[in-house]
$ cat protein01.cif   # mmCIF, C-alpha atoms and all ligand atoms
data_data
loop_
_atom_site.label_atom_id
_atom_site.label_comp_id
_atom_site.auth_asym_id
_atom_site.auth_seq_id
_atom_site.Cartn_x
_atom_site.Cartn_y
_atom_site.Cartn_z
CA MET A 1 0.00 0.00 0.00
CA ARG A 2 1.00 3.62 -0.47
CA VAL A 3 0.88 5.52 2.82
CA ILE A 4 1.16 9.30 3.19
CA VAL A 5 2.60 10.21 6.59
CA ILE A 6 2.28 13.82 7.74
CA GLY A 7 4.97 14.69 10.31
CA ALA A 8 8.48 13.34 10.94
CA GLY A 9 8.47 13.20 14.73
CA VAL A 10 8.78 10.00 16.73
CA ALA A 11 5.39 8.65 15.56
CA GLY A 12 5.82 9.46 11.87
CA LEU A 13 9.39 8.19 11.58
CA ALA A 14 8.72 4.97 13.51
CA LEU A 15 5.63 4.33 11.42
CA ALA A 16 7.50 4.90 8.15
CA ARG A 17 10.22 2.46 9.27
CA GLY A 18 7.62 -0.17 10.15
CA LEU A 19 5.79 0.30 6.85
CA LEU A 20 8.96 0.07 4.77
CA HIS A 21 9.98 -3.14 6.57
CA ALA A 22 6.52 -4.56 5.93
CA GLY A 23 6.91 -3.89 2.19
CA HIS A 24 4.66 -0.84 1.91
CA GLU A 25 5.46 2.51 0.32
CA ALA A 26 5.78 5.35 2.84
CA GLU A 27 6.04 9.05 1.94
CA VAL A 28 6.79 11.34 4.88
CA TYR A 29 6.15 15.10 4.69
CA GLU A 30 7.57 17.32 7.45
CA GLU A 31 6.92 20.98 8.11
CA ALA A 32 10.39 21.81 9.47
CA PRO A 33 13.25 22.33 7.00
CA GLU A 34 15.35 19.65 8.71
CA PRO A 35 14.93 16.97 11.41
CA ARG A 36 13.43 18.57 14.54
CA THR A 37 15.90 17.58 17.20
CA ALA A 38 15.04 20.14 19.87
CA GLY A 39 13.74 19.21 23.30
CA GLY A 40 14.99 17.31 26.29
CA SER A 41 15.21 13.56 26.65
CA VAL A 42 12.66 10.78 26.98
CA THR A 43 12.42 7.57 28.96
CA LEU A 44 11.72 4.51 26.81
CA TRP A 45 9.99 1.68 28.68
CA PRO A 46 10.50 -2.01 27.80
CA GLY A 47 7.66 -2.08 25.23
CA SER A 48 9.36 0.76 23.37
CA THR A 49 12.87 -0.64 23.45
CA ALA A 50 11.37 -3.90 22.12
CA ILE A 51 9.62 -1.98 19.32
CA LEU A 52 12.87 -0.23 18.41
CA ARG A 53 14.51 -3.65 18.05
CA GLU A 54 11.68 -4.77 15.75
CA LEU A 55 12.15 -1.58 13.72
CA ARG A 56 15.86 -2.38 13.48
CA ALA A 57 16.66 0.92 15.17
CA ASP A 58 19.52 -0.14 17.42
CA HIS A 59 19.40 1.96 20.58
CA ALA A 60 22.41 0.22 22.19
CA GLY A 61 24.80 3.10 21.46
CA ILE A 62 22.62 5.95 22.69
CA GLY A 63 21.21 7.19 25.98
CA ARG A 64 21.58 5.52 29.34
CA ARG A 65 20.02 2.32 30.65
CA LEU A 66 18.15 3.01 33.91
CA GLU A 67 18.02 0.67 36.91
CA THR A 68 15.99 2.58 39.49
CA LEU A 69 13.38 5.28 39.76
CA GLU A 70 13.63 7.10 43.07
CA SER A 71 11.43 9.55 44.91
CA TRP A 72 13.21 11.89 47.33
CA ALA A 73 12.12 14.51 49.83
CA PRO A 74 13.68 17.97 49.20
CA ASP A 75 16.21 17.30 51.99
CA GLY A 76 17.50 14.26 50.08
CA ARG A 77 15.74 11.53 52.09
CA ARG A 78 14.88 8.63 49.81
CA LEU A 79 11.15 7.92 50.09
CA LEU A 80 10.72 5.24 47.47
CA THR A 81 12.76 3.18 45.01
CA VAL A 82 11.24 1.39 42.04
CA ASP A 83 13.55 -1.34 40.74
CA LEU A 84 13.39 -1.01 36.95
CA THR A 85 15.52 -4.10 36.40
CA ALA A 86 12.46 -6.14 37.49
CA ALA A 87 10.63 -4.96 34.36
CA GLU A 88 13.75 -5.58 32.28
CA ARG A 89 13.91 -9.18 33.54
CA ARG A 90 10.16 -9.73 33.18
CA TYR A 91 9.87 -8.39 29.61
CA GLY A 92 13.37 -8.99 28.30
CA HIS A 93 14.00 -5.37 27.29
CA PRO A 94 15.59 -2.49 29.23
CA VAL A 95 14.39 0.93 30.33
CA VAL A 96 16.54 3.50 28.53
CA HIS A 97 16.68 7.29 28.76
CA VAL A 98 17.64 9.00 25.48
CA ALA A 99 17.93 12.53 24.20
CA ARG A 100 14.97 13.24 21.92
CA SER A 101 17.46 14.40 19.27
CA GLU A 102 19.17 10.99 19.26
CA LEU A 103 15.88 9.12 19.11
CA VAL A 104 14.74 11.20 16.12
CA GLU A 105 18.08 10.69 14.35
CA LEU A 106 18.01 6.95 15.03
CA LEU A 107 14.48 6.58 13.65
CA ALA A 108 15.16 8.86 10.65
CA ASP A 109 18.12 6.81 9.47
CA GLY A 110 17.20 5.28 6.11
CA VAL A 111 13.71 6.82 6.02
CA PRO A 112 13.06 9.14 3.05
CA VAL A 113 11.53 12.37 4.37
CA SER A 114 10.52 15.48 2.42
CA TYR A 115 11.42 18.37 4.72
CA GLY A 116 10.06 21.92 4.58
CA VAL A 117 6.70 20.93 3.10
CA PRO A 118 3.91 21.26 5.67
CA ALA A 119 0.54 19.80 4.85
CA GLU A 120 -1.89 22.70 4.65
CA HIS A 121 -5.16 21.04 3.85
CA VAL A 122 -6.31 17.44 4.24
CA VAL A 123 -9.28 15.59 2.75
CA PRO A 124 -9.68 12.54 5.02
CA GLU A 125 -12.17 10.70 2.76
CA ARG A 126 -9.62 10.66 -0.09
CA ALA A 127 -6.40 10.20 1.97
CA GLU A 128 -5.28 13.40 0.32
CA ALA A 129 -3.11 16.29 1.47
CA ARG A 130 -2.29 19.60 -0.17
CA LEU A 131 1.28 20.63 0.61
CA SER A 132 2.71 24.12 0.98
CA ASP A 133 4.55 23.83 -2.35
CA GLY A 134 1.24 23.45 -4.17
CA ARG A 135 1.43 19.68 -4.70
CA THR A 136 -1.46 17.41 -3.82
CA VAL A 137 -0.45 13.94 -2.61
CA ARG A 138 -2.81 11.01 -2.26
CA GLY A 139 -2.30 7.54 -0.81
CA ASP A 140 -4.26 4.41 -0.03
CA VAL A 141 -3.94 5.54 3.59
CA LEU A 142 -3.05 8.92 5.14
CA VAL A 143 -1.70 9.20 8.69
CA GLY A 144 -1.57 12.41 10.70
CA ALA A 145 1.57 12.09 12.81
CA ASP A 146 1.79 15.86 13.03
CA GLY A 147 1.80 16.34 16.77
CA ARG A 148 -0.18 18.45 19.17
CA ARG A 149 -1.30 21.08 16.66
CA SER A 150 -2.20 18.50 14.02
CA VAL A 151 -3.83 19.77 10.81
CA VAL A 152 -4.95 16.22 10.05
CA ARG A 153 -6.81 16.01 13.36
CA ARG A 154 -8.40 19.37 12.63
CA ALA A 155 -9.69 17.99 9.31
CA LEU A 156 -11.04 14.92 11.13
CA TRP A 157 -12.35 16.39 14.38
CA GLY A 158 -12.87 20.04 13.49
CA GLY A 159 -10.88 21.62 16.31
CA ASP A 160 -8.26 21.36 19.02
CA PRO A 161 -9.59 19.42 22.01
CA ALA A 162 -6.51 19.98 24.19
CA GLU A 163 -6.43 22.19 27.28
CA LEU A 164 -3.61 23.33 29.51
CA SER A 165 -3.24 21.27 32.68
CA GLY A 166 -2.00 24.22 34.75
CA TRP A 167 1.54 22.85 35.01
CA VAL A 168 4.61 23.66 32.92
CA THR A 169 8.08 22.18 32.64
CA TRP A 170 11.30 24.16 32.46
CA GLN A 171 14.12 21.87 31.40
CA GLY A 172 17.59 21.41 29.98
CA PHE A 173 20.76 19.35 30.18
CA THR A 174 23.71 19.99 32.41
CA THR A 175 27.15 18.59 31.72
CA ALA A 176 28.44 19.67 35.12
CA PRO A 177 29.64 16.45 36.76
CA THR A 178 27.27 15.02 39.36
CA ALA A 179 26.99 11.58 40.94
CA LEU A 180 23.69 11.04 39.09
CA THR A 181 25.18 11.77 35.67
CA VAL A 182 27.27 8.60 35.71
CA GLY A 183 24.68 6.53 37.57
CA ARG A 184 21.59 4.65 36.42
CA ARG A 185 19.04 6.32 38.69
CA ALA A 186 16.12 8.57 37.74
CA VAL A 187 15.30 10.86 40.66
CA MET A 188 12.22 12.93 41.37
CA ILE A 189 12.12 15.38 44.24
CA ALA A 190 8.87 17.08 45.13
CA ASP A 191 6.99 19.23 47.58
CA THR A 192 4.24 21.82 47.33
CA ASN A 193 6.60 24.22 45.49
CA GLY A 194 6.89 21.87 42.53
CA VAL A 195 8.99 19.00 41.25
CA CYS A 196 12.61 18.60 40.26
CA GLY A 197 13.49 15.64 38.05
CA LEU A 198 17.03 14.43 37.30
CA ILE A 199 17.86 11.65 34.83
CA PRO A 200 21.16 10.69 33.17
CA ALA A 201 20.88 10.82 29.37
CA GLY A 202 24.33 9.48 28.41
CA GLU A 203 27.30 11.34 26.91
CA GLY A 204 27.91 13.12 30.24
CA ARG A 205 24.49 14.80 30.20
CA LEU A 206 22.01 14.99 33.06
CA LEU A 207 18.46 15.99 32.13
CA TRP A 208 16.99 18.29 34.72
CA TRP A 209 13.48 19.65 34.82
CA PHE A 210 11.39 21.71 37.14
CA ASP A 211 7.60 21.42 37.08
CA VAL A 212 5.73 24.40 38.46
CA ARG A 213 2.18 25.71 38.25
CA SER A 214 1.73 28.44 35.66
CA ALA A 215 -0.59 29.87 33.02
CA PRO A 216 -0.34 32.49 30.24
CA GLY A 217 0.52 35.90 31.69
CA ARG A 218 1.66 34.42 35.02
CA PRO A 219 5.20 33.99 36.43
CA PHE A 220 7.02 30.94 35.05
CA TRP A 221 5.19 31.21 31.68
CA ASP A 222 7.17 31.19 28.42
CA ASP A 223 7.65 34.98 28.28
CA ASP A 224 8.75 35.40 31.91
CA PRO A 225 12.11 37.28 31.70
CA HIS A 226 12.95 36.39 35.29
CA VAL A 227 12.34 32.66 35.13
CA VAL A 228 15.92 31.59 35.89
CA GLY A 229 15.99 33.69 39.06
CA ARG A 230 12.55 32.42 40.02
CA LEU A 231 13.62 28.79 39.65
CA ARG A 232 16.74 29.43 41.75
CA GLU A 233 14.62 31.06 44.43
CA ARG A 234 11.82 28.46 44.38
CA PHE A 235 14.10 25.42 44.65
CA ARG A 236 16.83 26.97 46.82
CA GLY A 237 18.14 24.70 49.56
CA TRP A 238 17.03 21.43 47.96
CA ALA A 239 19.31 18.41 48.21
CA ASP A 240 22.41 17.87 46.06
CA PRO A 241 22.75 18.09 43.13
CA VAL A 242 19.86 20.58 42.79
CA PRO A 243 21.95 23.65 43.85
CA ALA A 244 24.68 22.80 41.33
CA VAL A 245 22.08 22.25 38.60
CA LEU A 246 20.38 25.58 39.34
CA GLU A 247 23.76 27.31 39.01
CA THR A 248 24.22 25.98 35.46
CA ILE A 249 20.83 27.10 34.08
CA GLU A 250 21.12 29.65 31.30
CA GLU A 251 18.36 29.29 28.72
CA PRO A 252 15.92 26.68 29.96
CA GLY A 253 13.45 25.08 27.54
CA PHE A 254 9.74 25.65 28.13
CA PHE A 255 7.18 22.86 27.81
CA PRO A 256 3.56 23.57 28.78
CA HIS A 257 1.46 20.54 29.71
CA HIS A 258 -1.63 19.76 27.63
CA ARG A 259 -4.29 17.11 28.05
CA GLN A 260 -7.20 16.04 25.90
CA PRO A 261 -10.01 13.48 25.82
CA ILE A 262 -9.21 10.47 23.63
CA PRO A 263 -12.07 9.16 21.49
CA THR A 264 -12.45 5.42 20.83
CA VAL A 265 -12.25 5.98 17.09
CA TRP A 266 -10.10 8.87 15.93
CA GLY A 267 -9.98 8.57 12.13
CA ARG A 268 -12.35 8.44 9.17
CA GLY A 269 -12.24 6.45 5.95
CA PRO A 270 -8.64 5.87 4.85
CA THR A 271 -7.25 8.49 7.27
CA THR A 272 -6.05 8.00 10.83
CA LEU A 273 -3.77 9.55 13.46
CA ALA A 274 -0.69 8.44 15.40
CA GLY A 275 1.10 9.93 18.39
CA ASP A 276 0.37 13.29 20.00
CA SER A 277 -2.09 14.26 17.27
CA ALA A 278 -4.44 11.62 18.71
CA HIS A 279 -3.52 11.71 22.39
CA THR A 280 -1.50 14.61 23.76
CA MET A 281 -0.86 14.15 27.47
CA PRO A 282 1.25 15.81 30.18
CA PRO A 283 4.71 14.24 30.55
CA ALA A 284 3.88 13.11 34.12
CA MET A 285 3.95 9.38 33.29
CA ALA A 286 6.80 9.77 30.74
CA GLN A 287 4.59 8.16 28.09
CA GLY A 288 4.32 10.60 25.12
CA ALA A 289 7.11 9.14 22.99
CA ASN A 290 6.31 5.59 24.17
CA GLN A 291 2.68 5.79 23.11
CA ALA A 292 3.79 7.25 19.76
CA LEU A 293 6.01 4.18 19.22
CA GLU A 294 3.17 1.87 20.27
CA ASP A 295 0.84 3.50 17.71
CA ALA A 296 3.46 3.19 14.99
CA TRP A 297 4.12 -0.48 15.74
CA LEU A 298 0.46 -1.50 15.68
CA LEU A 299 -0.53 0.69 12.74
CA ALA A 300 2.22 -0.72 10.52
CA HIS A 301 0.50 -4.11 10.99
CA SER A 302 -3.10 -2.83 10.76
CA LEU A 303 -3.45 -0.92 7.48
CA GLY A 304 -6.33 -3.18 6.46
CA ASP A 305 -8.52 -2.12 9.40
CA LEU A 306 -7.76 1.36 10.68
CA ARG A 307 -10.76 1.47 13.02
CA ALA A 308 -9.58 -1.73 14.73
CA TYR A 309 -6.15 -0.11 15.21
CA GLU A 310 -7.77 2.97 16.77
CA ARG A 311 -10.00 0.93 19.07
CA ARG A 312 -7.12 -1.22 20.30
CA ARG A 313 -4.84 1.72 20.85
CA SER A 314 -7.39 4.07 22.45
CA LYS A 315 -8.21 1.43 25.05
CA VAL A 316 -4.58 1.20 26.13
CA VAL A 317 -3.42 4.79 25.67
CA ARG A 318 -6.29 6.14 27.79
CA ARG A 319 -4.78 4.43 30.85
CA PRO A 320 -1.58 6.52 31.12
CA ALA A 321 -3.30 9.55 29.58
CA ARG A 322 -5.97 9.67 32.30
CA LEU A 323 -3.39 9.31 35.03
CA ALA A 324 -1.02 11.84 33.44
CA ALA A 325 -3.89 14.33 33.03
CA ALA A 326 -4.23 14.41 36.83
CA GLU A 327 -0.51 15.27 37.12
CA PRO A 328 -0.01 12.69 39.91
CA THR A 329 3.73 13.21 40.28
CA ASN A 330 3.08 16.90 40.89
CA THR A 331 0.06 16.71 43.15
CA ALA A 332 0.33 13.39 45.05
CA GLN A 333 0.81 13.61 48.79
CA ARG A 334 4.55 13.19 49.22
CA PRO A 335 4.54 11.50 52.64
CA ALA A 336 2.48 8.63 51.16
CA ALA A 337 5.47 7.69 49.00
CA GLY A 338 7.47 6.81 52.11
CA LEU A 339 4.81 4.46 53.44
CA LEU A 340 4.76 2.02 50.54
CA PRO A 341 7.30 -0.83 50.52
CA ASP A 342 9.68 -0.66 47.56
CA GLY A 343 9.01 -4.30 46.60
CA LEU A 344 5.26 -3.75 46.33
CA VAL A 345 5.61 -0.59 44.27
CA THR A 346 8.14 -2.31 41.99
CA ARG A 347 5.67 -5.14 41.37
CA LEU A 348 2.83 -2.69 40.68
CA TYR A 349 5.02 -0.61 38.37
CA THR A 350 6.09 -3.68 36.43
CA VAL A 351 2.45 -4.68 35.90
CA LEU A 352 1.53 -1.11 34.95
CA LEU A 353 4.20 -0.95 32.24
CA ARG A 354 2.57 -3.93 30.53
CA ARG A 355 -0.92 -2.44 30.84
CA TYR A 356 0.38 0.70 29.10
CA SER A 357 1.91 -1.20 26.18
CA THR A 358 -0.09 -2.77 23.35
CA TYR A 359 3.15 -4.45 22.29
CA LEU A 360 3.76 -6.13 25.66
CA LEU A 361 0.07 -7.01 26.06
CA THR A 362 0.28 -8.74 22.67
CA VAL A 363 3.58 -10.57 22.88
CA SER A 364 4.31 -11.24 26.56
C1 LIG B 1 10.77 20.08 18.83
C2 LIG B 1 10.09 19.17 19.85
C3 LIG B 1 10.60 19.09 21.14
C4 LIG B 1 9.99 18.26 22.08
N1 LIG B 1 10.52 18.19 23.33
C5 LIG B 1 9.96 17.36 24.24
C6 LIG B 1 10.52 17.25 25.53
O1 LIG B 1 11.51 17.87 25.84
N2 LIG B 1 9.92 16.43 26.43
C7 LIG B 1 8.80 15.72 26.10
O2 LIG B 1 8.28 14.97 26.94
N3 LIG B 1 8.27 15.79 24.88
C8 LIG B 1 8.80 16.61 23.94
N4 LIG B 1 8.26 16.71 22.70
C9 LIG B 1 7.05 15.93 22.44
C10 LIG B 1 7.37 14.48 22.20
O3 LIG B 1 8.36 14.36 21.22
C11 LIG B 1 6.07 13.85 21.76
O4 LIG B 1 5.16 13.89 22.86
C12 LIG B 1 6.18 12.39 21.41
O5 LIG B 1 7.43 12.06 20.94
C13 LIG B 1 5.12 12.05 20.40
O6 LIG B 1 5.65 12.32 19.12
P1 LIG B 1 4.81 12.71 17.86
O7 LIG B 1 5.60 12.21 16.69
O8 LIG B 1 3.41 12.29 17.98
O9 LIG B 1 4.77 14.29 17.88
P2 LIG B 1 5.96 15.33 17.66
O10 LIG B 1 7.20 14.85 18.26
O11 LIG B 1 5.41 16.65 18.11
O12 LIG B 1 6.18 15.35 16.07
C14 LIG B 1 5.24 15.93 15.18
C15 LIG B 1 5.98 16.33 13.91
O13 LIG B 1 5.02 16.78 12.95
C16 LIG B 1 5.51 17.97 12.33
N5 LIG B 1 4.38 18.73 11.83
C17 LIG B 1 3.50 19.48 12.54
N6 LIG B 1 2.57 20.00 11.72
C18 LIG B 1 2.88 19.57 10.46
C19 LIG B 1 2.28 19.78 9.19
N7 LIG B 1 1.19 20.53 9.04
N8 LIG B 1 2.84 19.20 8.11
C20 LIG B 1 3.97 18.42 8.25
N9 LIG B 1 4.56 18.20 9.42
C21 LIG B 1 4.02 18.76 10.53
C22 LIG B 1 6.29 18.66 13.44
O14 LIG B 1 7.20 19.58 12.91
C23 LIG B 1 6.96 17.48 14.13
O15 LIG B 1 8.20 17.15 13.55
C24 LIG B 1 8.82 17.52 21.73
C25 LIG B 1 8.31 17.61 20.42
C26 LIG B 1 8.93 18.42 19.48
C27 LIG B 1 8.38 18.48 18.05
#
$ encode --input "protein01.cif" --output "structure tokens"
Amino acid sequence: MRVIVIGAGVAGLALARGLLHAGHEAEVYEEAPEPRTAGGSVTLWPGSTAILRELRADHAGIGRRLETLESWAPDGRRLLTVDLTAAERRYGHPVVHVARSELVELLADGVPVSYGVPAEHVVPERAEARLSDGRTVRGDVLVGADGRRSVVRRALWGGDPAELSGWVTWQGFTTAPTALTVGRRAVMIADTNGVCGLIPAGEGRLLWWFDVRSAPGRPFWDDDPHVVGRLRERFRGWADPVPAVLETIEEPGFFPHHRQPIPTVWGRGPTTLAGDSAHTMPPAMAQGANQALEDAWLLAHSLGDLRAYERRRSKVVRRPARLAAAEPTNTAQRPAAGLLPDGLVTRLYTVLLRRYSTYLLTVS
């Protein structure tokens, strides 16, 4: 089949790889003039690292394999440790944290993409898109993998269903040496002021992020000229390495959190969606890129029945999306984390990772 893919993010590139391996024709059209490699880094759970293997996108040389996920109090007391190697043993694939840039480059390798040609108008019933250069392209199937502001979704649904969750992320990498940079621990520190996350991303980089409440026109929003000073003030006195990280911040990246309802069926006729275009969610459960890969994997095997693909995926993707929409890592009562035994939480987390993955639910 000939498949038109709009968008060369994680969903579009992974889908194109899967389609090409399955013997289909895939044409990818991307708005940006070159691969969009901006952003921080993403955690890939075992379902996703398994999918990358199937897509012959070898992640062994990039990112950092993670062994634990820890919750700390601001004074550095460890409240909870989730053993991620339990999921690795159970499912046979690791948890890896990779820079978004490296993931995009890995997936783009060998995939023909037309850059600098945004789709401007889409006719879902005909799997047809008009591009900015005046061309009209038509396939047997058209997939909107064009992210949160999807034009394909607009043609299908008629609007943008997403709303701000009230939380934003300020983030970046630091290459200042810290004990966490060379470790295999993801750490989250939280209190009522907000959250600080710290995860090694390989190549001497530590991803840091701060989640705080904000809204347009308020402090900590995108146009706040004093945001670096505000972050230093808000998180002052937190445990090492937070003070050292705060010192290194220069131009932090801004990432507002959006959430949206996810319909059971999200396409029409020969047109469907994959990734954020169908199910934007806050990064609270670290699932955005993972669910994009899950869509791509299933869709590459489901071209004959797009509604069945949507039904199967919506059932699974709603689980992390609903939880993420409530921003649990930002709003949960911190002391509760210290009451739960690590072993129990590890078992629950391992089960949860399977419930969030169509791939693992299918093969393991
Ligand atoms: C530049 C960037 C930085 C990001 N940084 C982070 C981050 O730091 N942390 C995080 O958790 N998530 C981040 N994300 C979101 C994360 O990548 C996605 O949640 C997840 O990977 C799902 O991917 P996706 O392919 O569905 O969407 P996206 O990654 O958003 O990809 C969509 C692609 O479609 C393209 N596109 C949009 N409109 C059109 C059009 N009309 N025609 C053609 N192409 C179009 C976009 O340019 C983009 O390349 C970022 C996304 C982008 C694009």
$ residues_near_ligand --input "protein01.cif" --ligand "ligand LIG 1 (chain B)" --cutoff "7 Å" --atoms "only C-alpha atoms and all ligand atoms" --output "NGL selection string"
:A and (6-12 or 29-32 or 36-42 or 100 or 117-120 or 145-151 or 255 or 274-277 or 280 or 283 or 286 or 288-289 or 292)
$ residues_around --input "protein01.cif" --residues "region 304-316 of chain A" --least-positions-apart "2" --cutoff "10 Å" --atoms "all atoms listed in the file" --output "JSON, numbers by chain"
{"A": [1, 141, 262, 263, 264, 265, 266, 267, 268, 269, 270, 271, 272, 273, 274, 278, 279, 291, 294, 295, 298, 299, 300, 301, 302, 318, 319, 320, 321, 354, 355, 356, 357, 358, 361]}
$ write_last_selection --input "protein01.cif" --atoms "C-alpha atoms" --output "CSV table (one decimal), in the coordinates of the input"
chain,number,residue,atom,x,y,z
A,1,MET,CA,0.0,0.0,0.0
A,141,VAL,CA,-3.9,5.5,3.6
A,262,ILE,CA,-9.2,10.5,23.6
A,263,PRO,CA,-12.1,9.2,21.5
A,264,THR,CA,-12.4,5.4,20.8
A,265,VAL,CA,-12.2,6.0,17.1
A,266,TRP,CA,-10.1,8.9,15.9
A,267,GLY,CA,-10.0,8.6,12.1
A,268,ARG,CA,-12.4,8.4,9.2
A,269,GLY,CA,-12.2,6.4,6.0
A,270,PRO,CA,-8.6,5.9,4.8
A,271,THR,CA,-7.2,8.5,7.3
A,272,THR,CA,-6.0,8.0,10.8
A,273,LEU,CA,-3.8,9.6,13.5
A,274,ALA,CA,-0.7,8.4,15.4
A,278,ALA,CA,-4.4,11.6,18.7
A,279,HIS,CA,-3.5,11.7,22.4
A,291,GLN,CA,2.7,5.8,23.1
A,294,GLU,CA,3.2,1.9,20.3
A,295,ASP,CA,0.8,3.5,17.7
A,298,LEU,CA,0.5,-1.5,15.7
A,299,LEU,CA,-0.5,0.7,12.7
A,300,ALA,CA,2.2,-0.7,10.5
A,301,HIS,CA,0.5,-4.1,11.0
A,302,SER,CA,-3.1,-2.8,10.8
A,318,ARG,CA,-6.3,6.1,27.8
A,319,ARG,CA,-4.8,4.4,30.8
A,320,PRO,CA,-1.6,6.5,31.1
A,321,ALA,CA,-3.3,9.6,29.6
A,354,ARG,CA,2.6,-3.9,30.5
A,355,ARG,CA,-0.9,-2.4,30.8
A,356,TYR,CA,0.4,0.7,29.1
A,357,SER,CA,1.9,-1.2,26.2
A,358,THR,CA,-0.1,-2.8,23.4
A,361,LEU,CA,0.1,-7.0,26.1
$ closest_residue --input "protein01.cif" --among "A:Leu293, A:Ala284, A:Leu19, A:Val168" --to "Val104 (chain A)" --atoms "only C-alpha atoms"
A:Leu293
$ closest_residue --input "protein01.cif" --among "A:Arg322, A:His121, A:His24, A:Arg64" --to "Thr43 (chain A)" --atoms "all atoms listed in the file"
A:Arg64
$ residues_around --input "protein01.cif" --residues "Asp83 (chain A)" --least-positions-apart "4" --cutoff "7 Å" --atoms "only C-alpha atoms" --output "list in words"
Glu67, Thr68, Leu69 and Thr346 of chain A
$ write_last_selection --input "protein01.cif" --atoms "C-alpha atoms" --output "CSV table (one decimal), keeping the file's coordinate frame"
chain,number,residue,atom,x,y,z
A,67,GLU,CA,18.0,0.7,36.9
A,68,THR,CA,16.0,2.6,39.5
A,69,LEU,CA,13.4,5.3,39.8
A,346,THR,CA,8.1,-2.3,42.0
$ residues_around --input "protein01.cif" --residues "His258 (chain A)" --least-positions-apart "5" --cutoff "9 Å" --atoms "all atoms listed in the file" --output "PyMOL selection string"
chain A and resi 148+162-167+280-283+325
$ residues_around --input "protein01.cif" --residues "Phe235 (chain A)" --least-positions-apart "4" --cutoff "10 Å" --atoms "all atoms listed in the file" --output "PDB file with C-alpha atoms, in the coordinates of the input"
ATOM      1  CA  PRO A  74      13.680  17.970  49.200  1.00  0.00           C
ATOM      2  CA  ALA A 190       8.870  17.080  45.130  1.00  0.00           C
ATOM      3  CA  ASP A 191       6.990  19.230  47.580  1.00  0.00           C
ATOM      4  CA  ASN A 193       6.600  24.220  45.490  1.00  0.00           C
ATOM      5  CA  GLY A 194       6.890  21.870  42.530  1.00  0.00           C
ATOM      6  CA  VAL A 195       8.990  19.000  41.250  1.00  0.00           C
ATOM      7  CA  CYS A 196      12.610  18.600  40.260  1.00  0.00           C
ATOM      8  CA  PHE A 210      11.390  21.710  37.140  1.00  0.00           C
ATOM      9  CA  ARG A 230      12.550  32.420  40.020  1.00  0.00           C
ATOM     10  CA  LEU A 231      13.620  28.790  39.650  1.00  0.00           C
ATOM     11  CA  ALA A 239      19.310  18.410  48.210  1.00  0.00           C
ATOM     12  CA  VAL A 242      19.860  20.580  42.790  1.00  0.00           C
ATOM     13  CA  PRO A 243      21.950  23.650  43.850  1.00  0.00           C
ATOM     14  CA  LEU A 246      20.380  25.580  39.340  1.00  0.00           C
TER      15      LEU A 246
END
$ atom_distance --input "protein01.cif" --atom1 "CA of Leu55 (chain A)" --atom2 "CA of Glu88 (chain A)"
19.1 Å
$ atom_distance --input "protein01.cif" --atom1 "CA of Trp297 (chain A)" --atom2 "CA of Pro94 (chain A)"
17.8 Å
$ atom_distance --input "protein01.cif" --atom1 "CA of Gly47 (chain A)" --atom2 "CA of Asp140 (chain A)"
28.7 Å
$ closest_atom_pairs --input "protein01.cif" --of "region 236-264 of chain A" --to "region 211-222 of chain A" --cutoff "10 Å" --atoms "only C-alpha atoms" --output "CSV"
residue,atom,partner,partner_atom,distance
A:Pro252,CA,A:Asp222,CA,10.0
A:Gly253,CA,A:Asp222,CA,8.8
A:Phe254,CA,A:Asp222,CA,6.1
A:Phe255,CA,A:Asp222,CA,8.4
A:Pro256,CA,A:Trp221,CA,8.3
A:His257,CA,A:Asp211,CA,9.6
$ residues_around --input "protein01.cif" --residues "Leu348 (chain A)" --least-positions-apart "6" --cutoff "12 Å" --atoms "only C-alpha atoms" --output "short mmCIF file (atom, residue, chain, number, x, y, z; two decimals) with C-alpha atoms, in the frame of the given file"
data_model
loop_
_atom_site.label_atom_id
_atom_site.label_comp_id
_atom_site.auth_asym_id
_atom_site.auth_seq_id
_atom_site.Cartn_x
_atom_site.Cartn_y
_atom_site.Cartn_z
CA VAL A 82 11.24 1.39 42.04
CA ASP A 83 13.55 -1.34 40.74
CA LEU A 84 13.39 -1.01 36.95
CA ALA A 86 12.46 -6.14 37.49
CA ALA A 87 10.63 -4.96 34.36
CA LEU A 340 4.76 2.02 50.54
CA PRO A 341 7.30 -0.83 50.52
CA ASP A 342 9.68 -0.66 47.56
CA ARG A 354 2.57 -3.93 30.53
CA ARG A 355 -0.92 -2.44 30.84
#
$ closest_residue --input "protein01.cif" --among "A:Ile4, A:Pro200, A:Arg347, A:Leu106" --to "Val152 (chain A)" --atoms "only C-alpha atoms"
A:Ile4
$ closest_residue --input "protein01.cif" --among "A:His59, A:Arg234, A:His21, A:Arg205" --to "Phe173 (chain A)" --atoms "all atoms listed in the file"
A:Arg205
$ closest_residue --input "protein01.cif" --among "A:Gly76, A:Val5, A:Val96, A:Thr362" --to "Glu128 (chain A)" --atoms "all atoms listed in the file"
A:Val5
$ closest_residue --input "protein01.cif" --among "A:Ile62, A:Leu79, A:Ile249, A:Val227" --to "Val345 (chain A)" --atoms "all atoms listed in the file"
A:Leu79
